[in-house]
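Engineer: One file: upload-v5.txt (compact mmCIF, C-alpha atoms).
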# COMPACT_ATOMS: atom_id res chain seq x y z
CA MET A 1 55.99 -71.46 -23.84
CA ARG A 2 55.98 -68.62 -26.36
CA SER A 3 54.12 -66.31 -24.00
CA LEU A 4 56.66 -67.08 -21.31
CA ALA A 5 59.47 -66.21 -23.71
CA ARG A 6 57.85 -62.88 -24.61
CA SER A 7 57.35 -61.94 -20.98
CA CYS A 8 61.01 -62.79 -20.34
CA MET A 9 62.09 -60.34 -23.06
CA GLU A 10 60.12 -57.56 -21.38
CA CYS A 11 61.13 -58.09 -17.76
CA ASP A 12 64.42 -56.15 -17.55
CA THR A 13 64.00 -52.90 -15.63
CA ALA A 14 66.39 -50.45 -14.01
CA GLY A 15 67.79 -51.68 -10.72
CA VAL A 16 66.76 -55.28 -11.28
CA VAL A 17 69.46 -57.95 -11.33
CA LYS A 18 68.64 -60.39 -14.10
CA VAL A 19 70.14 -63.85 -13.69
CA ALA A 20 69.73 -66.30 -16.56
CA PHE A 21 69.96 -70.05 -15.94
CA ILE A 22 70.95 -72.04 -19.03
CA GLY A 23 70.19 -75.72 -18.58
CA ALA A 24 67.86 -74.75 -15.74
CA GLY A 25 66.51 -78.30 -15.50
CA SER A 26 69.64 -79.27 -13.55
CA VAL A 27 68.65 -81.08 -10.36
CA GLU A 28 71.15 -79.39 -8.06
CA PHE A 29 72.43 -76.03 -9.22
CA THR A 30 69.17 -74.22 -10.00
CA ARG A 31 67.69 -75.14 -6.65
CA ASN A 32 70.79 -74.15 -4.69
CA VAL A 33 71.48 -70.86 -6.46
CA VAL A 34 67.86 -69.71 -6.42
CA THR A 35 67.52 -70.61 -2.74
CA ASP A 36 70.67 -68.67 -1.86
CA LEU A 37 69.81 -65.62 -3.95
CA CYS A 38 66.32 -65.40 -2.48
CA GLY A 39 67.85 -65.65 0.99
CA PHE A 40 69.98 -62.53 0.55
CA PRO A 41 67.80 -59.64 1.84
CA GLU A 42 69.84 -57.15 -0.20
CA LEU A 43 68.88 -58.95 -3.42
CA ALA A 44 65.56 -60.63 -2.81
CA GLY A 45 63.44 -57.68 -3.94
CA GLY A 46 65.35 -56.95 -7.12
CA LEU A 47 65.87 -60.30 -8.78
CA ASP A 48 64.66 -61.42 -12.18
CA LEU A 49 65.31 -65.12 -12.64
CA ALA A 50 65.12 -66.21 -16.29
CA LEU A 51 65.13 -69.96 -16.85
CA HIS A 52 66.00 -71.72 -20.10
CA ASP A 53 66.21 -75.40 -21.00
CA ILE A 54 65.84 -77.16 -24.35
CA ASN A 55 63.78 -79.87 -22.63
CA THR A 56 60.30 -78.41 -22.17
CA GLU A 57 59.43 -80.84 -19.38
CA ARG A 58 62.60 -79.96 -17.48
CA LEU A 59 61.94 -76.26 -18.06
CA ALA A 60 58.44 -76.53 -16.64
CA HIS A 61 59.85 -78.40 -13.65
CA ALA A 62 62.52 -75.71 -13.08
CA HIS A 63 59.89 -72.96 -13.34
CA ALA A 64 57.68 -74.69 -10.78
CA LEU A 65 60.67 -75.24 -8.49
CA ALA A 66 61.96 -71.66 -8.66
CA THR A 67 58.47 -70.24 -8.23
CA ARG A 68 57.95 -72.39 -5.14
CA ILE A 69 61.31 -71.31 -3.68
CA VAL A 70 60.47 -67.63 -4.24
CA ALA A 71 57.06 -68.00 -2.60
CA GLN A 72 58.30 -70.09 0.32
CA SER A 73 61.23 -67.74 1.03
CA GLY A 74 59.06 -64.63 0.88
CA SER A 75 61.22 -63.13 -1.85
CA ALA A 76 59.85 -60.58 -4.31
CA ALA A 77 61.90 -62.08 -7.15
CA THR A 78 60.22 -62.70 -10.48
CA VAL A 79 60.60 -66.02 -12.33
CA THR A 80 60.12 -66.49 -16.06
CA ALA A 81 60.56 -69.58 -18.22
CA CYS A 82 62.10 -68.90 -21.64
CA ALA A 83 61.87 -71.51 -24.35
CA ASP A 84 64.10 -69.24 -26.45
CA ARG A 85 67.67 -68.93 -25.14
CA GLN A 86 68.11 -65.44 -26.56
CA ALA A 87 65.08 -64.27 -24.61
CA ALA A 88 66.64 -65.53 -21.40
CA LEU A 89 69.92 -63.77 -22.16
CA ASP A 90 68.55 -60.41 -23.24
CA GLY A 91 69.57 -57.86 -20.60
CA ALA A 92 71.04 -60.45 -18.21
CA ARG A 93 73.74 -59.39 -15.80
CA TYR A 94 74.74 -62.95 -14.91
CA VAL A 95 74.38 -66.14 -16.96
CA ILE A 96 74.77 -69.46 -15.16
CA ASN A 97 75.66 -72.37 -17.43
CA GLU A 98 74.70 -75.80 -16.10
CA ILE A 99 74.01 -77.77 -19.27
CA GLN A 100 74.75 -81.42 -19.96
CA VAL A 101 74.77 -81.92 -23.71
CA GLY A 102 73.28 -85.28 -24.61
CA GLY A 103 72.22 -86.01 -21.03
CA TYR A 104 72.39 -89.46 -19.50
CA ASP A 105 72.19 -91.27 -22.84
CA ALA A 106 75.38 -89.62 -24.14
CA THR A 107 77.14 -90.23 -20.84
CA ARG A 108 76.18 -93.89 -21.05
CA LEU A 109 77.87 -94.11 -24.45
CA ASP A 110 80.98 -92.41 -23.03
CA PHE A 111 81.28 -95.29 -20.56
CA ASP A 112 79.94 -98.29 -22.44
CA ILE A 113 81.96 -97.96 -25.66
CA PRO A 114 85.37 -97.56 -23.95
CA ALA A 115 84.46 -100.38 -21.56
CA ARG A 116 84.21 -102.74 -24.54
CA TYR A 117 87.89 -101.96 -25.19
CA GLY A 118 88.85 -102.49 -21.56
CA VAL A 119 89.09 -98.80 -20.60
CA ARG A 120 87.80 -98.22 -17.08
CA GLN A 121 86.45 -94.84 -16.00
CA THR A 122 85.04 -93.43 -12.79
CA ILE A 123 83.48 -90.03 -13.65
CA GLY A 124 84.45 -89.44 -17.29
CA ASP A 125 83.50 -85.74 -17.38
CA THR A 126 86.86 -83.96 -17.24
CA LEU A 127 89.73 -85.90 -18.77
CA GLY A 128 90.03 -89.38 -20.25
CA ILE A 129 88.06 -90.59 -23.20
CA GLY A 130 84.77 -89.57 -21.56
CA GLY A 131 86.02 -86.06 -20.87
CA ILE A 132 87.26 -85.70 -24.45
CA PHE A 133 83.88 -86.56 -25.97
CA ARG A 134 81.89 -84.60 -23.40
CA GLY A 135 84.09 -81.64 -24.32
CA LEU A 136 83.61 -82.15 -28.06
CA ARG A 137 79.83 -82.13 -27.84
CA THR A 138 79.65 -79.32 -25.25
CA ILE A 139 82.07 -76.79 -26.74
CA PRO A 140 79.84 -75.90 -29.74
CA VAL A 141 76.89 -75.21 -27.44
CA VAL A 142 78.88 -73.11 -24.99
CA THR A 143 80.61 -71.09 -27.69
CA GLY A 144 77.19 -70.49 -29.24
CA LEU A 145 75.95 -69.30 -25.86
CA ALA A 146 78.93 -66.97 -25.52
CA GLY A 147 78.33 -65.61 -29.02
CA ASP A 148 74.73 -64.81 -28.08
CA MET A 149 75.94 -63.09 -24.91
CA HIS A 150 78.35 -60.95 -26.92
CA ARG A 151 75.34 -59.61 -28.85
CA LEU A 152 72.66 -59.50 -26.16
CA CYS A 153 74.43 -58.90 -22.84
CA PRO A 154 78.09 -58.14 -23.60
CA ASP A 155 78.85 -56.89 -20.09
CA ALA A 156 77.37 -59.91 -18.34
CA TYR A 157 79.33 -62.57 -16.46
CA LEU A 158 79.19 -66.11 -17.76
CA LEU A 159 79.42 -68.33 -14.67
CA ASN A 160 80.14 -71.86 -15.85
CA TYR A 161 79.45 -74.97 -13.78
CA THR A 162 79.52 -77.43 -16.68
CA ASN A 163 82.39 -79.88 -17.14
CA PRO A 164 84.92 -80.33 -18.62
CA MET A 165 85.78 -77.08 -16.84
CA ALA A 166 89.37 -76.76 -18.06
CA MET A 167 88.12 -76.95 -21.66
CA LEU A 168 84.98 -74.82 -21.76
CA PRO A 169 86.16 -71.35 -20.64
CA TRP A 170 89.25 -71.85 -22.84
CA ALA A 171 87.02 -72.54 -25.84
CA VAL A 172 84.93 -69.44 -25.05
CA TYR A 173 87.76 -66.92 -24.91
CA GLU A 174 89.72 -68.64 -27.70
CA GLY A 175 86.81 -69.21 -30.07
CA THR A 176 84.45 -66.26 -29.50
CA PRO A 177 84.68 -62.48 -29.00
CA PHE A 178 83.28 -62.93 -25.48
CA SER A 179 85.80 -63.32 -22.65
CA ASN A 180 84.03 -62.49 -19.37
CA VAL A 181 83.77 -66.12 -18.33
CA PHE A 182 84.45 -67.53 -14.86
CA GLY A 183 84.33 -71.27 -14.17
CA LEU A 184 83.08 -72.29 -10.72
CA CYS A 185 83.69 -75.63 -9.00
CA HIS A 186 83.36 -76.86 -5.41
CA SER A 187 86.53 -78.96 -5.39
CA VAL A 188 88.92 -76.37 -3.93
CA ARG A 189 86.56 -75.26 -1.16
CA ASP A 190 85.65 -78.85 -0.28
CA THR A 191 89.34 -79.84 -0.16
CA HIS A 192 90.16 -76.92 2.12
CA ALA A 193 87.35 -77.96 4.46
CA PHE A 194 88.55 -81.59 4.39
CA LEU A 195 92.16 -80.70 5.22
CA ALA A 196 91.19 -78.25 7.94
CA GLY A 197 88.97 -80.91 9.47
CA LEU A 198 91.82 -83.42 9.52
CA ALA A 199 93.92 -80.84 11.35
CA GLY A 200 91.09 -80.14 13.82
CA LEU A 201 90.65 -76.54 12.68
CA ASP A 202 87.95 -74.36 11.17
CA PRO A 203 88.77 -73.58 7.52
CA ALA A 204 88.60 -69.87 8.37
CA GLU A 205 91.58 -70.36 10.70
CA VAL A 206 93.77 -71.86 7.98
CA ASP A 207 95.77 -69.94 5.37
CA PHE A 208 95.31 -71.68 2.02
CA VAL A 209 96.67 -70.97 -1.45
CA THR A 210 95.72 -73.43 -4.17
CA ALA A 211 96.32 -73.42 -7.92
CA GLY A 212 96.56 -75.56 -11.04
CA PHE A 213 93.89 -76.92 -13.37
CA ASN A 214 90.33 -77.58 -12.33
CA HIS A 215 90.22 -81.08 -10.81
CA GLN A 216 94.00 -81.14 -10.75
CA ALA A 217 94.92 -78.15 -8.62
CA PHE A 218 97.17 -78.48 -5.57
CA VAL A 219 97.19 -76.89 -2.13
CA LEU A 220 100.41 -74.87 -2.23
CA ARG A 221 100.02 -73.22 1.17
CA PHE A 222 98.44 -75.01 4.12
CA GLU A 223 99.33 -72.99 7.22
CA HIS A 224 98.04 -72.06 10.65
CA GLN A 225 99.44 -68.96 12.34
CA GLY A 226 102.35 -68.90 9.90
CA ARG A 227 103.32 -72.56 10.38
CA SER A 228 102.87 -75.25 7.73
CA LEU A 229 100.33 -77.93 8.55
CA TYR A 230 101.79 -80.38 6.04
CA PRO A 231 104.03 -82.12 8.64
CA ARG A 232 100.94 -82.65 10.80
CA LEU A 233 99.01 -83.99 7.77
CA ARG A 234 101.76 -86.51 7.05
CA GLU A 235 101.60 -87.75 10.64
CA ILE A 236 97.82 -88.15 10.40
CA ILE A 237 98.10 -90.09 7.14
CA ASP A 238 100.90 -92.32 8.44
CA ALA A 239 98.67 -93.26 11.37
CA SER A 240 95.58 -93.97 9.23
CA PRO A 241 95.38 -97.10 7.04
CA GLU A 242 92.01 -95.83 5.83
CA LEU A 243 93.46 -92.56 4.46
CA GLN A 244 96.29 -94.48 2.84
CA ARG A 245 93.73 -96.27 0.66
CA ARG A 246 92.73 -93.07 -1.17
CA VAL A 247 94.13 -92.14 -4.57
CA ARG A 248 94.45 -88.44 -3.74
CA VAL A 249 96.44 -89.30 -0.63
CA GLU A 250 98.77 -91.49 -2.71
CA ILE A 251 99.29 -88.58 -5.12
CA PHE A 252 100.06 -86.31 -2.15
CA ARG A 253 102.60 -88.81 -0.81
CA ARG A 254 104.39 -89.03 -4.18
CA PHE A 255 104.19 -85.37 -5.29
CA GLY A 256 104.33 -83.51 -1.97
CA TYR A 257 101.19 -81.36 -2.26
CA PHE A 258 97.56 -82.30 -1.70
CA PRO A 259 95.36 -82.43 -4.82
CA THR A 260 91.95 -80.80 -4.85
CA GLU A 261 89.87 -83.42 -6.57
CA SER A 262 88.35 -86.56 -5.10
CA SER A 263 90.03 -89.92 -5.47
CA GLU A 264 87.26 -91.03 -7.85
CA HIS A 265 88.14 -88.22 -10.25
CA SER A 266 91.88 -88.29 -9.68
CA ALA A 267 92.26 -91.99 -10.46
CA GLU A 268 91.42 -91.52 -14.15
CA TYR A 269 93.70 -88.51 -14.75
CA VAL A 270 96.91 -90.49 -14.33
CA PRO A 271 98.22 -93.82 -15.74
CA TRP A 272 98.86 -95.76 -12.54
CA PHE A 273 95.54 -96.99 -11.21
CA MET A 274 92.63 -97.80 -13.50
CA ARG A 275 94.24 -100.53 -15.62
CA HIS A 276 95.48 -102.55 -12.61
CA ASP A 277 93.03 -104.81 -10.78
CA ASP A 278 95.07 -104.75 -7.59
CA GLN A 279 95.20 -100.93 -7.57
CA VAL A 280 91.45 -100.65 -8.15
CA GLU A 281 90.95 -102.93 -5.15
CA ARG A 282 93.63 -101.36 -2.94
CA PHE A 283 92.40 -97.80 -3.50
CA ARG A 284 88.70 -98.77 -3.56
CA ILE A 285 88.10 -97.15 -6.93
CA PHE A 286 84.43 -97.13 -7.92
CA VAL A 287 84.47 -97.93 -11.66
CA GLY A 288 81.41 -96.37 -13.30
CA ASP A 289 80.76 -94.08 -10.33
CA TYR A 290 79.24 -91.29 -12.44
CA LEU A 291 76.64 -93.57 -13.97
CA ALA A 292 75.40 -94.44 -10.49
CA ARG A 293 75.37 -90.75 -9.54
CA SER A 294 73.46 -89.84 -12.69
CA GLU A 295 70.83 -92.49 -12.01
CA GLU A 296 70.47 -91.22 -8.45
CA ASN A 297 70.04 -87.67 -9.76
CA LEU A 298 67.23 -88.84 -12.03
CA ARG A 299 65.50 -90.45 -9.04
CA GLU A 300 65.91 -87.21 -7.06
CA LEU A 301 64.35 -85.28 -9.92
CA GLU A 302 61.34 -87.60 -9.87
CA ASP A 303 60.99 -87.25 -6.08
CA LEU A 304 61.20 -83.46 -6.31
CA ALA A 305 58.58 -83.40 -9.07
CA ARG A 306 56.22 -85.38 -6.81
CA GLN A 307 56.82 -82.90 -3.98
CA LEU A 308 56.02 -79.98 -6.24
CA ASP A 309 52.89 -81.63 -7.61
CA ALA A 310 51.69 -82.43 -4.08
CA GLY A 311 52.37 -78.91 -2.81
CA THR A 312 54.67 -80.26 -0.10
CA PRO A 313 56.86 -77.52 1.44
CA LEU A 314 60.46 -77.77 0.32
CA ASP A 315 63.34 -78.13 2.76
CA LEU A 316 65.21 -74.92 1.92
CA GLU A 317 68.59 -74.37 3.52
CA PRO A 318 71.31 -71.91 2.43
CA THR A 319 74.04 -73.77 0.53
CA SER A 320 76.66 -71.01 0.04
CA GLU A 321 76.62 -71.92 -3.63
CA LEU A 322 79.53 -70.34 -5.50
CA ALA A 323 77.49 -68.55 -8.19
CA SER A 324 75.20 -66.95 -5.61
CA GLU A 325 78.20 -65.79 -3.54
CA PHE A 326 79.87 -64.40 -6.68
CA ILE A 327 76.72 -62.46 -7.58
CA HIS A 328 76.16 -61.23 -4.02
CA SER A 329 79.74 -59.97 -3.72
CA LEU A 330 79.61 -58.02 -6.96
CA GLU A 331 76.16 -56.57 -6.29
CA THR A 332 76.76 -55.57 -2.65
CA GLY A 333 80.53 -55.03 -2.50
CA THR A 334 80.87 -57.79 0.09
CA GLU A 335 84.48 -58.98 -0.17
CA ARG A 336 85.08 -62.69 -0.69
CA GLU A 337 87.85 -64.94 -1.92
CA LEU A 338 86.48 -67.49 -4.35
CA TYR A 339 88.33 -69.91 -6.61
CA VAL A 340 87.67 -69.44 -10.32
CA ASN A 341 88.71 -70.92 -13.65
CA VAL A 342 89.95 -68.26 -16.07
CA ARG A 343 92.52 -67.62 -18.79
CA ASN A 344 95.99 -68.01 -17.31
CA GLY A 345 97.89 -65.06 -18.71
CA ASP A 346 100.53 -64.54 -16.03
CA LEU A 347 98.56 -66.05 -13.12
CA ILE A 348 100.61 -69.29 -13.03
CA ALA A 349 104.06 -68.61 -14.45
CA SER A 350 104.94 -72.23 -15.21
CA LEU A 351 101.87 -72.97 -17.37
CA PRO A 352 101.03 -71.63 -20.87
CA GLN A 353 99.36 -68.22 -20.98
CA GLN A 354 96.43 -69.36 -23.14
CA CYS A 355 95.27 -72.26 -20.97
CA CYS A 356 92.44 -72.13 -18.41
CA VAL A 357 93.67 -72.33 -14.81
CA GLU A 358 92.10 -72.44 -11.35
CA VAL A 359 93.29 -69.70 -8.98
CA PRO A 360 92.04 -67.58 -6.06
CA CYS A 361 89.98 -64.54 -7.01
CA ARG A 362 89.04 -61.44 -5.01
CA VAL A 363 85.39 -60.64 -5.61
CA GLY A 364 83.72 -57.50 -4.30
CA ALA A 365 83.56 -53.75 -4.83
CA GLY A 366 86.57 -53.85 -7.15
CA GLY A 367 85.01 -56.50 -9.39
CA ALA A 368 86.31 -60.04 -9.84
CA VAL A 369 90.12 -60.00 -9.82
CA PRO A 370 92.00 -63.33 -10.20
CA GLN A 371 95.20 -63.44 -8.15
CA PRO A 372 98.63 -64.47 -9.48
CA VAL A 373 100.32 -67.33 -7.64
CA GLY A 374 103.75 -67.46 -9.34
CA ALA A 375 105.30 -70.70 -10.54
CA LEU A 376 104.17 -74.14 -9.42
CA PRO A 377 106.69 -76.57 -7.96
CA PRO A 378 108.22 -78.36 -10.96
CA GLN A 379 106.68 -81.76 -10.24
CA LEU A 380 103.20 -80.21 -10.13
CA ALA A 381 103.73 -78.28 -13.34
CA ALA A 382 104.92 -81.52 -14.96
CA LEU A 383 101.80 -83.39 -13.85
CA ASN A 384 99.59 -80.50 -15.00
CA ARG A 385 101.22 -80.59 -18.43
CA THR A 386 100.10 -84.19 -18.97
CA PHE A 387 96.58 -82.98 -18.16
CA LEU A 388 97.01 -79.97 -20.45
CA ASN A 389 97.95 -82.11 -23.45
CA VAL A 390 94.50 -83.69 -23.59
CA VAL A 391 92.64 -80.46 -22.80
CA GLU A 392 94.40 -78.36 -25.44
CA LEU A 393 94.02 -80.90 -28.24
CA THR A 394 90.33 -81.38 -27.46
CA VAL A 395 89.70 -77.62 -27.52
CA ARG A 396 91.53 -77.29 -30.82
CA ALA A 397 89.70 -80.31 -32.27
CA ALA A 398 86.35 -78.71 -31.49
CA LEU A 399 87.23 -75.17 -32.61
CA ASP A 400 89.08 -76.23 -35.77
CA GLY A 401 87.01 -79.28 -36.72
CA ASN A 402 90.22 -81.33 -36.78
CA VAL A 403 89.53 -85.02 -36.23
CA GLN A 404 93.25 -85.82 -36.02
CA HIS A 405 93.36 -83.81 -32.81
CA VAL A 406 90.63 -86.05 -31.39
CA TYR A 407 92.80 -89.09 -32.00
CA GLN A 408 95.88 -87.32 -30.65
CA ALA A 409 94.08 -86.21 -27.48
CA ALA A 410 93.06 -89.81 -26.82
CA LEU A 411 96.55 -91.12 -27.62
CA LEU A 412 98.02 -88.71 -25.05
CA ASP A 413 95.39 -89.40 -22.41
CA PRO A 414 97.19 -91.10 -19.48
CA ASN A 415 94.48 -93.67 -18.73
CA ALA A 416 93.77 -94.66 -22.35
CA ALA A 417 97.48 -94.77 -23.20
CA ALA A 418 98.18 -97.03 -20.22
CA THR A 419 95.45 -99.43 -21.29
CA LEU A 420 95.36 -99.68 -25.09
CA THR A 421 97.57 -99.78 -28.17
CA THR A 422 97.55 -96.92 -30.66
CA SER A 423 95.35 -98.87 -33.08
CA GLN A 424 92.86 -99.74 -30.36
CA ILE A 425 92.62 -96.08 -29.30
CA ILE A 426 91.91 -94.95 -32.87
CA GLU A 427 89.25 -97.63 -33.28
CA MET A 428 87.62 -96.67 -29.98
CA CYS A 429 87.55 -93.01 -31.04
CA ASP A 430 85.96 -93.95 -34.35
CA ASP A 431 83.20 -95.81 -32.52
CA LEU A 432 82.57 -92.80 -30.29
CA LEU A 433 82.67 -90.36 -33.19
CA ASP A 434 80.01 -92.42 -34.92
CA ALA A 435 77.88 -92.78 -31.79
CA HIS A 436 77.94 -89.03 -30.99
CA LYS A 437 77.86 -87.71 -34.56
CA ALA A 438 74.61 -85.77 -34.14
CA LEU A 439 76.14 -83.67 -31.33
CA LEU A 440 79.66 -83.07 -32.63
CA PRO A 441 81.16 -79.90 -34.14
CA PRO A 442 81.31 -79.54 -37.93
CA GLY A 443 84.18 -81.54 -39.38
CA LEU A 444 84.16 -84.22 -36.67
CA ALA A 445 80.97 -86.12 -37.46
CA ARG A 446 81.73 -89.32 -39.35
Translate the structure described by the file into structure tokens.

Structural biologist:
Amino acid sequence: MRSLARSCMECDTAGVVKVAFIGAGSVEFTRNVVTDLCGFPELAGGLDLALHDINTERLAHAHALATRIVAQSGSAATVTACADRQAALDGARYVINEIQVGGYDATRLDFDIPARYGVRQTIGDTLGIGGIFRGLRTIPVVTGLAGDMHRLCPDAYLLNYTNPMAMLPWAVYEGTPFSNVFGLCHSVRDTHAFLAGLAGLDPAEVDFVTAGFNHQAFVLRFEHQGRSLYPRLREIIDASPELQRRVRVEIFRRFGYFPTESSEHSAEYVPWFMRHDDQVERFRIFVGDYLARSEENLRELEDLARQLDAGTPLDLEPTSELASEFIHSLETGTERELYVNVRNGDLIASLPQQCCVEVPCRVGAGGAVPQPVGALPPQLAALNRTFLNVVELTVRAALDGNVQHVYQAALLDPNAAATLTTSQIIEMCDDLLDAHKALLPPGLAR
């Protein structure tokens, strides 16, 4: 691996777009982004793809995968595997973060320990007790990455896929001198496609404006030819018992605007569902969903490794992955509207300036320019603030090494607070702090 790292350090040349993948052993994102980038004829001849992963087996797998994609697509891109993260970053123009600190084993602890206290979770990667501890162990790694970028590629874009999204960019611009970070998530685009489909329209025909926090943003404008489609959506929902059994639809019915995240995610961000057996049944909430997804991803990784070893051609289809579209727009001047997670400032007037919000962004010849959306309706801002409480305290806990903020984040978490007493929450946090101590920021390890 050392020779690969050295060659990576030497590969930056004029006119070449270097893209570094951190956590390149990811099953999904590396494959999708590399496939898309190699499919753009304007980029295919000038790409340097630098792959880094702390797991040498995963890194070798990612190298084999990317090399196969390049060969099969006919691209002239170069692929290098870098055991040293700094080698991957040196001279990069774009850095794609797709890490999962602690992997499946840490995620298992995030679910199993709270379950012993009676706390149910579905995904556990954004809010809730699982999101808090995923954030605590991920923030030190991402801020370290951003610090390296400040030294080695200060003008690069950090494109973050890793959750908890509302926490990580905030920690980067609050805790490091690097600020050129854009969080990317599929939830807004997928929600727009879902709503347009319900209305019988192509998403390109619908005028959307969406804003809020990642995984708790809301569709503020849903119009066709200047007319709101919300009355039509309400008619469709009223006529569909199946739609009425979705958490996100229930939130829409009570708050007036459609949320961007799936029902599985949304159920654990609020206090009304997870603790009640009848609500879990009524809204068909899959408790432990993310564990099943993680196990399926591991099986997919094994299947893909067998394909690569056997030399079987890969099924390569463009995915319109957000990072590849972001890169293509900036490199070619092709104008796109993408949704990004960035520092608020004055983008959403009714939320604090320092928090990380999800808003539309114009990407193209003029760079990447997030668009202001004004104030949210008051009920949405109120719901976002309950989300913000947990996010802000977790970020501060990690950056300041303040264990009291860990307890306070958990005490203010809607799902934990609806399920446990204060003493039970503290005890649960202590168990998790002990279980994750090797991965936690200084000051938090017990």

Engineer: With distances taken over all atoms listed in the file, which of A:Val119, A:Ala204, A:Ile236, A:Leu376 is nearest to Met274 of chain A?

Structural biologist: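 Closest to Met274 of chain A of all the choices is A:Val119.
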
Engineer: Could you tell me how far atom CA of Val363 of chain A sits from atom CA of Tyr230 of chain A, in Å to one decimal place?

Structural biologist: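 It comes out at 28.2 Å.
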
Engineer: Go through A:Leu338, A:Ala375, A:Ala115, A:Ala76 one by one, measure the shortest atom-to-atom distance of each to Arg362 of chain A using only C-alpha atoms, and give the residue with the smallest value.

Structural biologist: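 Using only C-alpha atoms, Arg362 of chain A sits closest to A:Leu338.
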
Engineer: Taking all atoms listed in the file into account, which of A:Pro414, A:Gly25, A:Gly102, A:Pro164 comes nearest Phe273 of chain A?

Structural biologist: A:Pro414

Engineer: From the list A:Glu235, A:Asp112, A:Glu300, A:Glu392, which residue is nearest Ala410 of chain A when using only C-alpha atoms?

Structural biologist: A:Glu392

Engineer: Measuring between all atoms listed in the file, which one of A:Thr30, A:Asn341, A:Gln100, A:Thr260 shows the shortest distance to Ile69 of chain A?

Structural biologist: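 Residue with the minimum atom-to-atom distance to Ile69 of chain A: A:Thr30.
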
Engineer: For Cys356 of chain A, which residue among A:Ala106, A:Val95, A:Val79, A:Ala171 is the nearest when counting all atoms listed in the file?

Structural biologist: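 Looking only at the distances to Cys356 of chain A, the closest residue turns out to be A:Ala171.
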
Engineer: Please list as number ranges by chain every residue within 12 Å of Thr394 of chain A, counting all atoms listed in the file and excluding residues in the same chain fewer than 3 positions away.

Structural biologist: A: 126-139, 164, 166-168, 170-171, 387-391, 397-413, 440-441, 444

Engineer: Fewer than 6 positions away in the same chain doesn't count, so skip those; otherwise give me all residues within 12 Å of Arg31 of chain A, counting all atoms listed in the file, as a PyMOL selection string.

Structural biologist: chain A and resi 21+24-25+37-38+49+51+61-70+98+301+304+314-321+323-324

Engineer: Using C-alpha atoms, can you write the selected residues to a file as an mmCIF file, keeping the file's coordinate frame?

Structural biologist:
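Output (again21.cif):
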data_model
loop_
_atom_site.group_PDB
_atom_site.id
_atom_site.type_symbol
_atom_site.label_atom_id
_atom_site.label_comp_id
_atom_site.auth_asym_id
_atom_site.auth_seq_id
_atom_site.Cartn_x
_atom_site.Cartn_y
_atom_site.Cartn_z
ATOM 1 C CA PHE A 21 69.960 -70.050 -15.940
ATOM 2 C CA ALA A 24 67.860 -74.750 -15.740
ATOM 3 C CA GLY A 25 66.510 -78.300 -15.500
ATOM 4 C CA LEU A 37 69.810 -65.620 -3.950
ATOM 5 C CA CYS A 38 66.320 -65.400 -2.480
ATOM 6 C CA LEU A 49 65.310 -65.120 -12.640
ATOM 7 C CA LEU A 51 65.130 -69.960 -16.850
ATOM 8 C CA HIS A 61 59.850 -78.400 -13.650
ATOM 9 C CA ALA A 62 62.520 -75.710 -13.080
ATOM 10 C CA HIS A 63 59.890 -72.960 -13.340
ATOM 11 C CA ALA A 64 57.680 -74.690 -10.780
ATOM 12 C CA LEU A 65 60.670 -75.240 -8.490
ATOM 13 C CA ALA A 66 61.960 -71.660 -8.660
ATOM 14 C CA THR A 67 58.470 -70.240 -8.230
ATOM 15 C CA ARG A 68 57.950 -72.390 -5.140
ATOM 16 C CA ILE A 69 61.310 -71.310 -3.680
ATOM 17 C CA VAL A 70 60.470 -67.630 -4.240
ATOM 18 C CA GLU A 98 74.700 -75.800 -16.100
ATOM 19 C CA LEU A 301 64.350 -85.280 -9.920
ATOM 20 C CA LEU A 304 61.200 -83.460 -6.310
ATOM 21 C CA LEU A 314 60.460 -77.770 0.320
ATOM 22 C CA ASP A 315 63.340 -78.130 2.760
ATOM 23 C CA LEU A 316 65.210 -74.920 1.920
ATOM 24 C CA GLU A 317 68.590 -74.370 3.520
ATOM 25 C CA PRO A 318 71.310 -71.910 2.430
ATOM 26 C CA THR A 319 74.040 -73.770 0.530
ATOM 27 C CA SER A 320 76.660 -71.010 0.040
ATOM 28 C CA GLU A 321 76.620 -71.920 -3.630
ATOM 29 C CA ALA A 323 77.490 -68.550 -8.190
ATOM 30 C CA SER A 324 75.200 -66.950 -5.610
#

Engineer: Take atom CA of Pro177 of chain A and atom CA of Pro140 of chain A and report the distance between them in Å, one decimal.

Structural biologist: 14.3 Å

Engineer: Could you state the separation of atom CA of Ala305 of chain A and atom CA of Thr56 of chain A in Å, given to one decimal place?

Structural biologist: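 Those two atoms sit 14.1 Å apart.
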
Engineer: Copy segment 236-248 of chain A out of the block into a file, keeping C-alpha atoms, as an mmCIF file, in the first residue's frame.

Structural biologist:
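Result file follows (decode-v2.cif):
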data_model
loop_
_atom_site.group_PDB
_atom_site.id
_atom_site.type_symbol
_atom_site.label_atom_id
_atom_site.label_comp_id
_atom_site.auth_asym_id
_atom_site.auth_seq_id
_atom_site.Cartn_x
_atom_site.Cartn_y
_atom_site.Cartn_z
ATOM 1 C CA ILE A 236 -55.235 11.899 -2.829
ATOM 2 C CA ILE A 237 -54.347 11.191 0.806
ATOM 3 C CA ASP A 238 -57.971 11.344 1.955
ATOM 4 C CA ALA A 239 -58.817 8.708 -0.651
ATOM 5 C CA SER A 240 -55.912 6.395 0.250
ATOM 6 C CA PRO A 241 -55.953 4.349 3.478
ATOM 7 C CA GLU A 242 -52.486 3.112 2.541
ATOM 8 C CA LEU A 243 -50.989 6.637 2.458
ATOM 9 C CA GLN A 244 -52.701 7.456 5.741
ATOM 10 C CA ARG A 245 -50.619 4.739 7.417
ATOM 11 C CA ARG A 246 -47.334 6.596 6.836
ATOM 12 C CA VAL A 247 -45.684 8.714 9.515
ATOM 13 C CA ARG A 248 -44.614 11.445 7.093
#
